[in-house]
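Here the structure is laid out as structure tokens; the discussion comes afterwards.
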Amino acid sequence: MERTTACLDVPVGAFLPGLIRRAAELEVEVLDTPRGKSVNLFYGTLEVIETGLRTTVELTSTDGAHLVNLRDTLTWHLDQEGLNHCITWARMRAGASPANMAVGRVVGASQISPNFTRVRLAGDYTRFLGGGLHFRLLLGPAGLGWPSTDETGGTVWPGGVEVWHRPAYTVRDICPEGRWIEFDIFRHEGGRVNDWAAALTPGEEVALTGPGGTGLTEAAWVGLMGDETALPAIIRMIRGAPEGTRGEAVILVPEQADVQAVECPVGITLRWIFRKNGDTLIDAFRSMQVPEGPRYVYFAAEKAEAADAREHAAKIGLKRGEVHALAYWAK
Ligand SMILES: Cc1cc2nc3c(=O)[nH]c(=O)nc-3n(C[C@H](O)[C@H](O)[C@H](O)COP(=O)(O)OP(=O)(O)OC[C@H]3O[C@@H](n4cnc5c(N)ncnc54)[C@H](O)[C@@H]3O)c2cc1C
């Protein structure tokens with residue numbers, strides 16, 4: 001177990017109601033402990049303890065990478081509540097690499113179809129064998145080096161966090177021993193990753209943080225829909241579905257030549273649709289026969305399409321927990 005402590009310069013009554021509200025939004029229980037209240041989140045546990053006019057928050061995670069993510073979650077929450085000015089983190093050893101960062105080297109970058117580049121990185125990716133499917137690519141100013149930690153365990157971004165581009169990507173494939181990962185980049189005009197991918201050279205260092213985000217799905221019936229950016233996530237979900245899962249998957253790509261070979265488990269059918277033909281993912285969702293009973297729908301595409309998908313999901317009676325309609329990118 002890894003732990004750190006945050007001291008908040010506000011009484012518990014100024015912090016706890018916001019946390020309870022956020023926990024309710026996430027459908028997470030707030031529990032009583034001998035010292036105060038605790039909330040179990042995806043990355044670990046936050047225990048809130050009243051200490052006079054101040055509040056102590058103890059963060060506990062199974063490993064250092066999850067602890068960094070839990071810390072980022074609390075910082076984000078305090079930002080939303082306008083309380084970020086009142087936090088002091090416990091002091092730790094400075095200078096180490098952030099525990100959620102992995103630095104590897106490019107061993108391959110190839111154009112696998114007209115609109116996709118596959119990158120393979122070699123390094124220690126063992127923690128990506130479990131947990132979320134996603135990571136953040138770290139693209140920063142040239143020559144300033146990778147992020148490190150300060151004496152409170154916080155991440156120090158060379159040049160300032162605002163100059164770093166940190167887009168989310170998906171582990172498309174991983175070596176069973178975690179010695180390499182692969183990810184597929186959808187090449188689109190004007191993208192910073194597009195330019196970065198065009199200039200990649202073997203041996204080049206690449207840093208990323210993760211894993212995080214959605215994991216594999218488990219439901220008797222699944223409906224999985226994604227555009228080019230969610231192609232790797234949908235394929236991972238298809239491949240990782242427990243035996244006996246039934247369902248339908250639809251992936252939207254620009255053209256036939258971008259179709260990838262996928263071994264689908266018996267019971268899941270995969271259909272490819274094409275921008276060139278005027279196909280859309282939302283039409284695919286509207287024509288999908290979503291059965292009653294234990295079911296799960298995952299829809300990932302451009303922001304406005306994800307909003308349309310949420311509307312359709314509500315119309316056909318999908319409840320919270322039965323559907324995730326996510327914006328993977330925005331126009
Ligand atoms: C959880 C998650 C997982 C993801 N996994 C992957 C993945 O495995 N592979 C992948 O390719 N993408 C993936 N994405 C999407 C990716 O993060 C975004 O497309 C991101 O904007 C790419 O950054 P960029 O530097 O290319 O573009 P930016 O520099 O951020 O944006 C530049 C311009 O490109 C436009 N743009 C961004 N994405 C697209 C697009 N798809 N089509 C057309 N225009 C676009 C923007 O509107 C903007 O105008 C994922 C996103 C999420 C949230």
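Chain labels run A, B, ... following the order of the structure tokens; each chain numbers its residues from 1, and ligands are numbered from 1 in the order shown.
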Would you write out, as CSV, a table of all residues in chain A that have an atom no more than 10 Å from an atom of ligand 1, listing for each the closest atom pair and the distance in Å to one decimal, considering only C-alpha atoms and all ligand atoms and ordering rows by chain and rising residue number?
```
residue,atom,partner,partner_atom_place_in_ligand_line,distance
A:Asn115,CA,ligand 1,11 (O),9.5
A:Phe116,CA,ligand 1,11 (O),7.7
A:Thr117,CA,ligand 1,11 (O),8.6
A:Arg118,CA,ligand 1,9 (N),9.4
A:Gly132,CA,ligand 1,1 (C),9.3
A:Leu133,CA,ligand 1,1 (C),7.9
A:His134,CA,ligand 1,1 (C),5.8
A:Phe135,CA,ligand 1,3 (C),7.5
A:Arg136,CA,ligand 1,17 (O),8.2
A:Leu137,CA,ligand 1,17 (O),8.8
A:Leu139,CA,ligand 1,25 (O),9.0
A:His165,CA,ligand 1,25 (O),7.2
A:Arg166,CA,ligand 1,23 (O),8.0
A:Pro167,CA,ligand 1,17 (O),4.4
A:Ala168,CA,ligand 1,17 (O),4.1
A:Tyr169,CA,ligand 1,5 (N),3.4
A:Thr170,CA,ligand 1,8 (O),3.8
A:Val171,CA,ligand 1,8 (O),6.6
A:Arg172,CA,ligand 1,8 (O),6.9
A:Glu182,CA,ligand 1,8 (O),9.5
A:Phe183,CA,ligand 1,8 (O),5.9
A:Asp184,CA,ligand 1,9 (N),5.2
A:Ile185,CA,ligand 1,11 (O),3.7
A:Phe186,CA,ligand 1,11 (O),3.7
A:Arg187,CA,ligand 1,11 (O),6.8
A:His188,CA,ligand 1,43 (C),5.3
A:Glu189,CA,ligand 1,34 (O),6.6
A:Gly190,CA,ligand 1,33 (C),5.0
A:Gly191,CA,ligand 1,26 (O),3.6
A:Arg192,CA,ligand 1,25 (O),3.6
A:Val193,CA,ligand 1,25 (O),3.9
A:Asn194,CA,ligand 1,26 (O),5.4
A:Asp195,CA,ligand 1,25 (O),8.1
A:Trp196,CA,ligand 1,25 (O),8.3
A:Ala197,CA,ligand 1,26 (O),9.4
A:Gly212,CA,ligand 1,1 (C),8.3
A:Gly213,CA,ligand 1,1 (C),6.2
A:Thr214,CA,ligand 1,1 (C),7.4
A:Asp227,CA,ligand 1,41 (N),7.9
A:Glu228,CA,ligand 1,41 (N),6.5
A:Thr229,CA,ligand 1,12 (N),3.8
A:Ala230,CA,ligand 1,5 (N),5.6
A:Leu231,CA,ligand 1,8 (O),7.0
A:Pro232,CA,ligand 1,8 (O),5.3
A:Ala233,CA,ligand 1,8 (O),6.8
A:Ile234,CA,ligand 1,8 (O),9.8
A:Ala300,CA,ligand 1,52 (C),8.3
A:Ala301,CA,ligand 1,41 (N),8.0
A:Glu302,CA,ligand 1,41 (N),7.3
A:Lys303,CA,ligand 1,47 (O),9.9
A:Leu326,CA,ligand 1,53 (C),7.5
A:Ala327,CA,ligand 1,53 (C),6.3
A:Tyr328,CA,ligand 1,53 (C),3.8
A:Trp329,CA,ligand 1,18 (C),4.8
A:Ala330,CA,ligand 1,47 (O),4.9
A:Lys331,CA,ligand 1,47 (O),3.7
```
Next on the checklist: Which residues are close to A:Ile238, i.e. within 9 Å by only C-alpha atoms, leaving aside same-chain residues fewer than 3 positions away? Reply as a list of chain:residue names.
Outcome noted: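 Returned residues: A:Leu216, A:Thr217, A:Leu224, A:Ala233, A:Ile234, A:Ile235, A:Ala241, A:Ala249, A:Val262, A:Glu263, A:Cys264, A:Pro265, A:Ile268, A:Leu270.
With distances restricted to only C-alpha atoms, A:Arg21 is the closest residue to A:His77 from A:Arg21, A:Arg271, A:Arg35, A:Lys319.
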Item to check | Sel. of helix (DSSP H, G or I) residues, stretch 75-134 of chain A, as an MDAnalysis selection string | outcome: chainID A and resid 75:80 84:86 126:129
Item to check | Closest of A:Cys7, A:Ala313, A:Leu281, A:Ile251 to A:Ile49 - atom-to-atom distances counting only C-alpha atoms | outcome: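 That would be A:Cys7, the residue with the smallest distance to A:Ile49.
Of the listed residues (A:Gly240, A:Gly226, A:Pro294, A:Pro17), A:Gly226 comes nearest to A:Trp272; the distances count only C-alpha atoms.
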Can you list, as a PDB file with N, CA and C atoms, in the first residue's frame, every residue of stretch 74-300 of chain A that DSSP puts in strand (DSSP E)?
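Heads up, here's the output in out-v7.pdb:
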```pdb
ATOM      1  N   ILE A  87      -4.502  23.761   0.175  1.00  0.00           N
ATOM      2  CA  ILE A  87      -3.974  22.403   0.352  1.00  0.00           C
ATOM      3  C   ILE A  87      -2.455  22.401   0.590  1.00  0.00           C
ATOM      4  N   THR A  88      -1.994  21.629   1.558  1.00  0.00           N
ATOM      5  CA  THR A  88      -0.558  21.399   1.763  1.00  0.00           C
ATOM      6  C   THR A  88      -0.346  19.896   1.793  1.00  0.00           C
ATOM      7  N   TRP A  89       0.536  19.415   0.933  1.00  0.00           N
ATOM      8  CA  TRP A  89       0.796  17.974   0.876  1.00  0.00           C
ATOM      9  C   TRP A  89       1.935  17.609   1.821  1.00  0.00           C
ATOM     10  N   MET A 101       4.311   7.455 -14.392  1.00  0.00           N
ATOM     11  CA  MET A 101       4.941   7.716 -15.701  1.00  0.00           C
ATOM     12  C   MET A 101       5.787   6.512 -16.126  1.00  0.00           C
ATOM     13  N   ALA A 102       5.779   6.205 -17.398  1.00  0.00           N
ATOM     14  CA  ALA A 102       6.642   5.146 -17.927  1.00  0.00           C
ATOM     15  C   ALA A 102       7.403   5.735 -19.109  1.00  0.00           C
ATOM     16  N   VAL A 103       8.725   5.573 -19.086  1.00  0.00           N
ATOM     17  CA  VAL A 103       9.526   6.069 -20.219  1.00  0.00           C
ATOM     18  C   VAL A 103      10.036   4.861 -20.992  1.00  0.00           C
ATOM     19  N   GLY A 104       9.736   4.813 -22.266  1.00  0.00           N
ATOM     20  CA  GLY A 104      10.185   3.702 -23.113  1.00  0.00           C
ATOM     21  C   GLY A 104      10.852   4.225 -24.365  1.00  0.00           C
ATOM     22  N   ARG A 105      11.188   3.310 -25.267  1.00  0.00           N
ATOM     23  CA  ARG A 105      11.826   3.725 -26.525  1.00  0.00           C
ATOM     24  C   ARG A 105      11.055   3.175 -27.717  1.00  0.00           C
ATOM     25  N   VAL A 106      11.046   3.956 -28.791  1.00  0.00           N
ATOM     26  CA  VAL A 106      10.350   3.535 -30.011  1.00  0.00           C
ATOM     27  C   VAL A 106      11.117   2.367 -30.627  1.00  0.00           C
ATOM     28  N   VAL A 107      10.412   1.236 -30.844  1.00  0.00           N
ATOM     29  CA  VAL A 107      11.048   0.153 -31.596  1.00  0.00           C
ATOM     30  C   VAL A 107      10.385  -0.034 -32.957  1.00  0.00           C
ATOM     31  N   GLY A 108       9.275   0.627 -33.161  1.00  0.00           N
ATOM     32  CA  GLY A 108       8.634   0.545 -34.472  1.00  0.00           C
ATOM     33  C   GLY A 108       7.549   1.587 -34.600  1.00  0.00           C
ATOM     34  N   ALA A 109       7.437   2.160 -35.788  1.00  0.00           N
ATOM     35  CA  ALA A 109       6.341   3.094 -36.087  1.00  0.00           C
ATOM     36  C   ALA A 109       6.035   2.903 -37.563  1.00  0.00           C
ATOM     37  N   SER A 110       4.887   2.278 -37.871  1.00  0.00           N
ATOM     38  CA  SER A 110       4.619   2.002 -39.279  1.00  0.00           C
ATOM     39  C   SER A 110       3.180   2.317 -39.642  1.00  0.00           C
ATOM     40  N   GLN A 111       3.043   2.677 -40.896  1.00  0.00           N
ATOM     41  CA  GLN A 111       1.717   2.983 -41.451  1.00  0.00           C
ATOM     42  C   GLN A 111       1.040   1.640 -41.710  1.00  0.00           C
ATOM     43  N   ILE A 112       0.026   1.277 -40.909  1.00  0.00           N
ATOM     44  CA  ILE A 112      -0.592  -0.044 -41.079  1.00  0.00           C
ATOM     45  C   ILE A 112      -1.763  -0.027 -42.053  1.00  0.00           C
ATOM     46  N   SER A 113      -2.279   1.176 -42.335  1.00  0.00           N
ATOM     47  CA  SER A 113      -3.380   1.305 -43.315  1.00  0.00           C
ATOM     48  C   SER A 113      -3.396   2.776 -43.726  1.00  0.00           C
ATOM     49  N   PHE A 116      -3.919   5.022 -40.437  1.00  0.00           N
ATOM     50  CA  PHE A 116      -3.451   4.646 -39.093  1.00  0.00           C
ATOM     51  C   PHE A 116      -1.955   4.342 -39.067  1.00  0.00           C
ATOM     52  N   THR A 117      -1.310   4.812 -37.983  1.00  0.00           N
ATOM     53  CA  THR A 117       0.090   4.471 -37.729  1.00  0.00           C
ATOM     54  C   THR A 117       0.142   3.672 -36.437  1.00  0.00           C
ATOM     55  N   ARG A 118       0.867   2.559 -36.454  1.00  0.00           N
ATOM     56  CA  ARG A 118       1.023   1.759 -35.220  1.00  0.00           C
ATOM     57  C   ARG A 118       2.415   2.002 -34.653  1.00  0.00           C
ATOM     58  N   VAL A 119       2.455   2.337 -33.352  1.00  0.00           N
ATOM     59  CA  VAL A 119       3.747   2.598 -32.692  1.00  0.00           C
ATOM     60  C   VAL A 119       3.972   1.512 -31.650  1.00  0.00           C
ATOM     61  N   ARG A 120       5.180   0.936 -31.653  1.00  0.00           N
ATOM     62  CA  ARG A 120       5.531  -0.007 -30.583  1.00  0.00           C
ATOM     63  C   ARG A 120       6.625   0.618 -29.718  1.00  0.00           C
ATOM     64  N   LEU A 121       6.414   0.592 -28.403  1.00  0.00           N
ATOM     65  CA  LEU A 121       7.392   1.121 -27.450  1.00  0.00           C
ATOM     66  C   LEU A 121       7.900  -0.021 -26.587  1.00  0.00           C
ATOM     67  N   ALA A 122       9.217  -0.055 -26.343  1.00  0.00           N
ATOM     68  CA  ALA A 122       9.786  -1.057 -25.438  1.00  0.00           C
ATOM     69  C   ALA A 122      10.126  -0.385 -24.126  1.00  0.00           C
ATOM     70  N   HIS A 134      -6.260   2.901 -21.020  1.00  0.00           N
ATOM     71  CA  HIS A 134      -5.757   4.116 -21.648  1.00  0.00           C
ATOM     72  C   HIS A 134      -4.523   4.694 -20.960  1.00  0.00           C
ATOM     73  N   PHE A 135      -3.889   5.626 -21.668  1.00  0.00           N
ATOM     74  CA  PHE A 135      -2.746   6.346 -21.096  1.00  0.00           C
ATOM     75  C   PHE A 135      -2.713   7.736 -21.706  1.00  0.00           C
ATOM     76  N   ARG A 136      -1.860   8.593 -21.160  1.00  0.00           N
ATOM     77  CA  ARG A 136      -1.655   9.913 -21.754  1.00  0.00           C
ATOM     78  C   ARG A 136      -0.235   9.996 -22.304  1.00  0.00           C
ATOM     79  N   LEU A 137      -0.155  10.393 -23.566  1.00  0.00           N
ATOM     80  CA  LEU A 137       1.129  10.589 -24.222  1.00  0.00           C
ATOM     81  C   LEU A 137       1.657  11.942 -23.747  1.00  0.00           C
ATOM     82  N   SER A 148       9.299  15.337 -13.209  1.00  0.00           N
ATOM     83  CA  SER A 148       9.832  14.680 -12.006  1.00  0.00           C
ATOM     84  C   SER A 148       8.859  15.001 -10.867  1.00  0.00           C
ATOM     85  N   THR A 149       9.214  14.569  -9.639  1.00  0.00           N
ATOM     86  CA  THR A 149       8.319  14.872  -8.514  1.00  0.00           C
ATOM     87  C   THR A 149       8.961  15.909  -7.595  1.00  0.00           C
ATOM     88  N   THR A 155       3.699  16.309  -9.322  1.00  0.00           N
ATOM     89  CA  THR A 155       4.460  16.262 -10.574  1.00  0.00           C
ATOM     90  C   THR A 155       4.946  17.652 -10.960  1.00  0.00           C
ATOM     91  N   VAL A 156       6.250  17.731 -11.282  1.00  0.00           N
ATOM     92  CA  VAL A 156       6.830  19.000 -11.755  1.00  0.00           C
ATOM     93  C   VAL A 156       6.950  18.897 -13.274  1.00  0.00           C
ATOM     94  N   ALA A 168      -5.070  11.568 -24.694  1.00  0.00           N
ATOM     95  CA  ALA A 168      -5.313  10.184 -24.261  1.00  0.00           C
ATOM     96  C   ALA A 168      -5.193   9.234 -25.449  1.00  0.00           C
ATOM     97  N   TYR A 169      -4.561   8.102 -25.219  1.00  0.00           N
ATOM     98  CA  TYR A 169      -4.473   7.032 -26.222  1.00  0.00           C
ATOM     99  C   TYR A 169      -4.795   5.702 -25.546  1.00  0.00           C
ATOM    100  N   THR A 170      -4.851   4.652 -26.341  1.00  0.00           N
ATOM    101  CA  THR A 170      -5.288   3.345 -25.830  1.00  0.00           C
ATOM    102  C   THR A 170      -4.231   2.297 -26.126  1.00  0.00           C
ATOM    103  N   ASP A 173      -2.219  -3.231 -27.904  1.00  0.00           N
ATOM    104  CA  ASP A 173      -1.688  -4.559 -27.613  1.00  0.00           C
ATOM    105  C   ASP A 173      -0.546  -4.424 -26.628  1.00  0.00           C
ATOM    106  N   ILE A 174      -0.342  -5.470 -25.833  1.00  0.00           N
ATOM    107  CA  ILE A 174       0.740  -5.432 -24.842  1.00  0.00           C
ATOM    108  C   ILE A 174       1.389  -6.803 -24.788  1.00  0.00           C
ATOM    109  N   TRP A 180       6.630  -4.567 -23.861  1.00  0.00           N
ATOM    110  CA  TRP A 180       6.322  -3.575 -24.907  1.00  0.00           C
ATOM    111  C   TRP A 180       4.828  -3.320 -24.962  1.00  0.00           C
ATOM    112  N   ILE A 181       4.475  -2.158 -25.485  1.00  0.00           N
ATOM    113  CA  ILE A 181       3.062  -1.882 -25.788  1.00  0.00           C
ATOM    114  C   ILE A 181       2.974  -1.343 -27.222  1.00  0.00           C
ATOM    115  N   GLU A 182       1.792  -1.490 -27.782  1.00  0.00           N
ATOM    116  CA  GLU A 182       1.539  -0.880 -29.098  1.00  0.00           C
ATOM    117  C   GLU A 182       0.306  -0.009 -28.998  1.00  0.00           C
ATOM    118  N   PHE A 183       0.319   1.088 -29.755  1.00  0.00           N
ATOM    119  CA  PHE A 183      -0.906   1.890 -29.858  1.00  0.00           C
ATOM    120  C   PHE A 183      -1.067   2.369 -31.288  1.00  0.00           C
ATOM    121  N   ASP A 184      -2.336   2.582 -31.678  1.00  0.00           N
ATOM    122  CA  ASP A 184      -2.650   2.997 -33.046  1.00  0.00           C
ATOM    123  C   ASP A 184      -3.057   4.461 -33.048  1.00  0.00           C
ATOM    124  N   ILE A 185      -2.391   5.237 -33.885  1.00  0.00           N
ATOM    125  CA  ILE A 185      -2.713   6.665 -34.002  1.00  0.00           C
ATOM    126  C   ILE A 185      -3.547   6.868 -35.263  1.00  0.00           C
ATOM    127  N   PHE A 186      -4.717   7.477 -35.084  1.00  0.00           N
ATOM    128  CA  PHE A 186      -5.518   7.873 -36.245  1.00  0.00           C
ATOM    129  C   PHE A 186      -4.904   9.172 -36.762  1.00  0.00           C
ATOM    130  N   GLU A 205      13.116   8.312 -27.144  1.00  0.00           N
ATOM    131  CA  GLU A 205      12.421   8.127 -25.867  1.00  0.00           C
ATOM    132  C   GLU A 205      10.998   8.694 -25.947  1.00  0.00           C
ATOM    133  N   VAL A 206      10.065   7.953 -25.366  1.00  0.00           N
ATOM    134  CA  VAL A 206       8.667   8.417 -25.306  1.00  0.00           C
ATOM    135  C   VAL A 206       8.174   8.195 -23.879  1.00  0.00           C
ATOM    136  N   ALA A 207       7.548   9.219 -23.306  1.00  0.00           N
ATOM    137  CA  ALA A 207       7.008   9.069 -21.953  1.00  0.00           C
ATOM    138  C   ALA A 207       5.494   9.102 -21.998  1.00  0.00           C
ATOM    139  N   LEU A 208       4.895   8.341 -21.117  1.00  0.00           N
ATOM    140  CA  LEU A 208       3.437   8.362 -20.999  1.00  0.00           C
ATOM    141  C   LEU A 208       3.061   8.133 -19.546  1.00  0.00           C
ATOM    142  N   THR A 209       1.818   8.496 -19.210  1.00  0.00           N
ATOM    143  CA  THR A 209       1.320   8.234 -17.852  1.00  0.00           C
ATOM    144  C   THR A 209       0.100   7.331 -17.946  1.00  0.00           C
ATOM    145  N   GLY A 210      -0.056   6.469 -16.965  1.00  0.00           N
ATOM    146  CA  GLY A 210      -1.205   5.571 -16.963  1.00  0.00           C
ATOM    147  C   GLY A 210      -0.894   4.323 -16.160  1.00  0.00           C
ATOM    148  N   PRO A 211      -1.736   3.291 -16.243  1.00  0.00           N
ATOM    149  CA  PRO A 211      -2.952   3.265 -17.026  1.00  0.00           C
ATOM    150  C   PRO A 211      -4.094   3.989 -16.322  1.00  0.00           C
ATOM    151  N   GLY A 212      -5.150   4.266 -17.089  1.00  0.00           N
ATOM    152  CA  GLY A 212      -6.308   4.929 -16.493  1.00  0.00           C
ATOM    153  C   GLY A 212      -7.522   4.747 -17.382  1.00  0.00           C
ATOM    154  N   TRP A 221     -24.819  -9.050 -22.325  1.00  0.00           N
ATOM    155  CA  TRP A 221     -24.934  -8.529 -23.698  1.00  0.00           C
ATOM    156  C   TRP A 221     -24.215  -7.183 -23.771  1.00  0.00           C
ATOM    157  N   VAL A 222     -23.395  -6.998 -24.815  1.00  0.00           N
ATOM    158  CA  VAL A 222     -22.699  -5.707 -24.967  1.00  0.00           C
ATOM    159  C   VAL A 222     -22.966  -5.114 -26.353  1.00  0.00           C
ATOM    160  N   GLY A 223     -23.091  -3.792 -26.389  1.00  0.00           N
ATOM    161  CA  GLY A 223     -23.179  -3.047 -27.648  1.00  0.00           C
ATOM    162  C   GLY A 223     -22.001  -2.091 -27.660  1.00  0.00           C
ATOM    163  N   LEU A 224     -21.022  -2.307 -28.553  1.00  0.00           N
ATOM    164  CA  LEU A 224     -19.776  -1.526 -28.522  1.00  0.00           C
ATOM    165  C   LEU A 224     -19.650  -0.743 -29.818  1.00  0.00           C
ATOM    166  N   MET A 225     -19.564   0.577 -29.707  1.00  0.00           N
ATOM    167  CA  MET A 225     -19.488   1.407 -30.913  1.00  0.00           C
ATOM    168  C   MET A 225     -18.386   2.451 -30.780  1.00  0.00           C
ATOM    169  N   GLY A 226     -17.551   2.565 -31.796  1.00  0.00           N
ATOM    170  CA  GLY A 226     -16.487   3.561 -31.722  1.00  0.00           C
ATOM    171  C   GLY A 226     -16.057   4.025 -33.095  1.00  0.00           C
ATOM    172  N   ARG A 246     -22.526 -12.073 -25.256  1.00  0.00           N
ATOM    173  CA  ARG A 246     -23.143 -11.908 -26.570  1.00  0.00           C
ATOM    174  C   ARG A 246     -23.186 -10.414 -26.873  1.00  0.00           C
ATOM    175  N   GLY A 247     -23.305 -10.056 -28.136  1.00  0.00           N
ATOM    176  CA  GLY A 247     -23.442  -8.640 -28.434  1.00  0.00           C
ATOM    177  C   GLY A 247     -23.037  -8.258 -29.842  1.00  0.00           C
ATOM    178  N   GLU A 248     -23.037  -6.945 -30.045  1.00  0.00           N
ATOM    179  CA  GLU A 248     -22.717  -6.385 -31.365  1.00  0.00           C
ATOM    180  C   GLU A 248     -21.690  -5.287 -31.212  1.00  0.00           C
ATOM    181  N   ALA A 249     -20.763  -5.206 -32.161  1.00  0.00           N
ATOM    182  CA  ALA A 249     -19.790  -4.114 -32.161  1.00  0.00           C
ATOM    183  C   ALA A 249     -19.813  -3.457 -33.536  1.00  0.00           C
ATOM    184  N   VAL A 250     -19.633  -2.133 -33.530  1.00  0.00           N
ATOM    185  CA  VAL A 250     -19.579  -1.393 -34.801  1.00  0.00           C
ATOM    186  C   VAL A 250     -18.395  -0.428 -34.721  1.00  0.00           C
ATOM    187  N   ILE A 251     -17.553  -0.446 -35.747  1.00  0.00           N
ATOM    188  CA  ILE A 251     -16.412   0.490 -35.781  1.00  0.00           C
ATOM    189  C   ILE A 251     -16.492   1.292 -37.080  1.00  0.00           C
ATOM    190  N   LEU A 252     -16.341   2.609 -36.922  1.00  0.00           N
ATOM    191  CA  LEU A 252     -16.382   3.520 -38.073  1.00  0.00           C
ATOM    192  C   LEU A 252     -14.960   3.921 -38.462  1.00  0.00           C
ATOM    193  N   VAL A 253     -14.589   3.670 -39.710  1.00  0.00           N
ATOM    194  CA  VAL A 253     -13.269   4.086 -40.217  1.00  0.00           C
ATOM    195  C   VAL A 253     -13.473   4.814 -41.548  1.00  0.00           C
ATOM    196  N   ILE A 268     -20.194 -12.496 -30.302  1.00  0.00           N
ATOM    197  CA  ILE A 268     -20.078 -11.046 -30.605  1.00  0.00           C
ATOM    198  C   ILE A 268     -19.838 -10.881 -32.106  1.00  0.00           C
ATOM    199  N   THR A 269     -20.667 -10.064 -32.729  1.00  0.00           N
ATOM    200  CA  THR A 269     -20.454  -9.810 -34.157  1.00  0.00           C
ATOM    201  C   THR A 269     -19.889  -8.405 -34.325  1.00  0.00           C
ATOM    202  N   LEU A 270     -18.936  -8.259 -35.213  1.00  0.00           N
ATOM    203  CA  LEU A 270     -18.314  -6.949 -35.476  1.00  0.00           C
ATOM    204  C   LEU A 270     -18.659  -6.520 -36.895  1.00  0.00           C
ATOM    205  N   ARG A 271     -19.127  -5.283 -37.000  1.00  0.00           N
ATOM    206  CA  ARG A 271     -19.464  -4.713 -38.309  1.00  0.00           C
ATOM    207  C   ARG A 271     -18.626  -3.456 -38.498  1.00  0.00           C
ATOM    208  N   TRP A 272     -17.999  -3.310 -39.657  1.00  0.00           N
ATOM    209  CA  TRP A 272     -17.240  -2.095 -39.969  1.00  0.00           C
ATOM    210  C   TRP A 272     -18.109  -1.186 -40.835  1.00  0.00           C
ATOM    211  N   ILE A 273     -18.099   0.105 -40.533  1.00  0.00           N
ATOM    212  CA  ILE A 273     -18.834   1.048 -41.376  1.00  0.00           C
ATOM    213  C   ILE A 273     -17.849   2.137 -41.836  1.00  0.00           C
ATOM    214  N   PHE A 274     -18.222   2.860 -42.901  1.00  0.00           N
ATOM    215  CA  PHE A 274     -17.225   3.691 -43.584  1.00  0.00           C
ATOM    216  C   PHE A 274     -17.698   5.122 -43.812  1.00  0.00           C
ATOM    217  N   ARG A 295     -27.091  -5.729 -19.587  1.00  0.00           N
ATOM    218  CA  ARG A 295     -26.584  -5.214 -20.862  1.00  0.00           C
ATOM    219  C   ARG A 295     -25.674  -4.027 -20.592  1.00  0.00           C
ATOM    220  N   TYR A 296     -24.801  -3.768 -21.565  1.00  0.00           N
ATOM    221  CA  TYR A 296     -23.890  -2.629 -21.408  1.00  0.00           C
ATOM    222  C   TYR A 296     -23.578  -2.060 -22.788  1.00  0.00           C
ATOM    223  N   VAL A 297     -23.735  -0.744 -22.918  1.00  0.00           N
ATOM    224  CA  VAL A 297     -23.460  -0.086 -24.198  1.00  0.00           C
ATOM    225  C   VAL A 297     -22.302   0.892 -24.018  1.00  0.00           C
ATOM    226  N   TYR A 298     -21.317   0.797 -24.903  1.00  0.00           N
ATOM    227  CA  TYR A 298     -20.182   1.723 -24.885  1.00  0.00           C
ATOM    228  C   TYR A 298     -20.142   2.414 -26.247  1.00  0.00           C
ATOM    229  N   PHE A 299     -20.152   3.748 -26.210  1.00  0.00           N
ATOM    230  CA  PHE A 299     -20.177   4.529 -27.453  1.00  0.00           C
ATOM    231  C   PHE A 299     -19.099   5.592 -27.316  1.00  0.00           C
ATOM    232  N   ALA A 300     -18.140   5.626 -28.212  1.00  0.00           N
ATOM    233  CA  ALA A 300     -17.065   6.621 -28.097  1.00  0.00           C
ATOM    234  C   ALA A 300     -16.782   7.230 -29.462  1.00  0.00           C
TER     235      ALA A 300
END
```
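Nearest to A:Leu19 of all the residues A:Ser97, A:Thr5, A:Gln260, A:Thr73 is A:Thr73, counting only C-alpha atoms.
Minimum atom-to-atom distance to A:Glu58, evaluated using only C-alpha atoms, belongs to A:Ala90 out of A:Gly18, A:Asp72, A:Val163, A:Ala90.
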Item to check | Neighbour list for stretch 9-14 of chain A as a PyMOL selection string, cut-off 12 Å, only C-alpha atoms, skip fewer than 4 positions in-chain | outcome: chain A and resi 18-20+36-37+47-57+78+81-89
